[in-house]
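Chemist: Just dropping this structure here.
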Amino acid sequence: MIELPEAYVLSEQIKKTLTGKVIKSVTANAHPHGFAWYTGDPALYNMILSGKKITGAVAYGGRPEIWAEEMRISFCDGVRALYLESGEKRPDKHQLLVEFDDGTGMSCSVQMYGGIFAFENGSKDDWYYNVAIEKPSPYTEAFDESYFEGLRKGVKQNLSVKAFLATEQRIPGFGNGVLHDTLFNARIHPKRKLETLTDSDFESIFNSIKSTLIKMRDGGGRDTEKDLFGKSGGYRTVLSSKTLSQPCLSCGGGLIRQAYLGGNIYFCPVCQPLLK
Ligand SMILES: [Zn+2]
């Protein structure tokens, strides 16, 4: 899933690789996927996007967004975007294929679920998109300790740390992927209730959100995700399906995976005790 670091990495790669290219044709929904979302009718994507020049790209939360003059192509969640060289074979299945005037292209395929939205700038008005734009990203200075304290005060204290950080779009783009290493670095169990945490625990979580996300971004995204060129990210996850069978990097003990709140959580029961 694309989360904050991957959205940043993808948008930078798109900006460097695609800016200046002109869209020759667009094929959307060629291989219908039950959990692929579009803006309106995907059959119209070719009409609204062809002839537009790529003018840049940005990331809003966990959403990379391509700018093509006044048009926008935004994608999220389980969308895998892949750059295609001129003459390179196009993927057999895709939910979006953009061909450029110089023979290169970009395909998007949806993994479990994901959105591929095309729309005129300013015309998209849905809650998920709006909060991704409006809420401060942990990569900005606006996401500071007092902002984080405000988030803490705004919720019921019987919420777990995972529910607090990774649900309800409280921090857009911060999902169940980046959660594990963030909490490992803060030495906090994902099921801890907020009411059991001290001010110092919250400070550790805040500091870890900042530093862990920066490491993930600067490493080129997590190693469980792919970039625009099909390459795995260079950030080595401490807690993920890739490392589950390995000993904890800190104490050498066994790691645990548990289903919890719509996704698996990974933790070390020694370094991140449930009760203090
Ligand atoms: Zn440990």
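By convention in this document, the chains of the structure tokens carry letters A, B, ... by their order, each chain's residues are numbered from 1, and ligands are numbered from 1 in the order they are shown.
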Residues within 12 Å of stretch 222-228 of chain A, please, as a count of residues only. Count only C-alpha atoms; anything in the same chain fewer than 5 positions from it doesn't count.

Modeler: 56

Chemist: Hey, could you make a per-residue contact list for chain A against ligand 1 with 7 Å as the cut-off, showing the nearest pair of atoms and its distance in Å to one decimal, counting only C-alpha atoms and all ligand atoms, sorted by chain and number, as a Markdown table?

Modeler:
| residue | atom | partner | partner_atom_place_in_ligand_line | distance |
| --- | --- | --- | --- | --- |
| A:Cys248 | CA | ligand 1 | 1 (Zn) | 4.6 |
| A:Leu249 | CA | ligand 1 | 1 (Zn) | 6.5 |
| A:Ser250 | CA | ligand 1 | 1 (Zn) | 5.0 |
| A:Cys251 | CA | ligand 1 | 1 (Zn) | 4.1 |
| A:Gly252 | CA | ligand 1 | 1 (Zn) | 6.0 |
| A:Gly253 | CA | ligand 1 | 1 (Zn) | 5.6 |
| A:Cys268 | CA | ligand 1 | 1 (Zn) | 4.7 |
| A:Pro269 | CA | ligand 1 | 1 (Zn) | 6.7 |
| A:Val270 | CA | ligand 1 | 1 (Zn) | 5.0 |
| A:Cys271 | CA | ligand 1 | 1 (Zn) | 4.2 |

Chemist: So the first atom is atom CA of A:Gly56 and the second is atom CA of A:Arg170; what is the distance between them in Å, to one decimal place?

Modeler: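 Atom CA of A:Arg170 lies at a distance of 27.0 Å from atom CA of A:Gly56.
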
Chemist: Provide the atom CA of A:Thr196 to atom CA of A:Lys153 distance in Å, to one decimal place.

Modeler: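 Taking atom CA of A:Thr196 as the start and atom CA of A:Lys153 as the end point, the length is 14.0 Å.
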
Chemist: Ranking A:Glu145, A:Asp41, A:Glu88, A:Asp125 by minimum distance to A:Phe206 and counting only C-alpha atoms, which one comes first?

Modeler: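 Residue with the minimum atom-to-atom distance to A:Phe206: A:Glu145.
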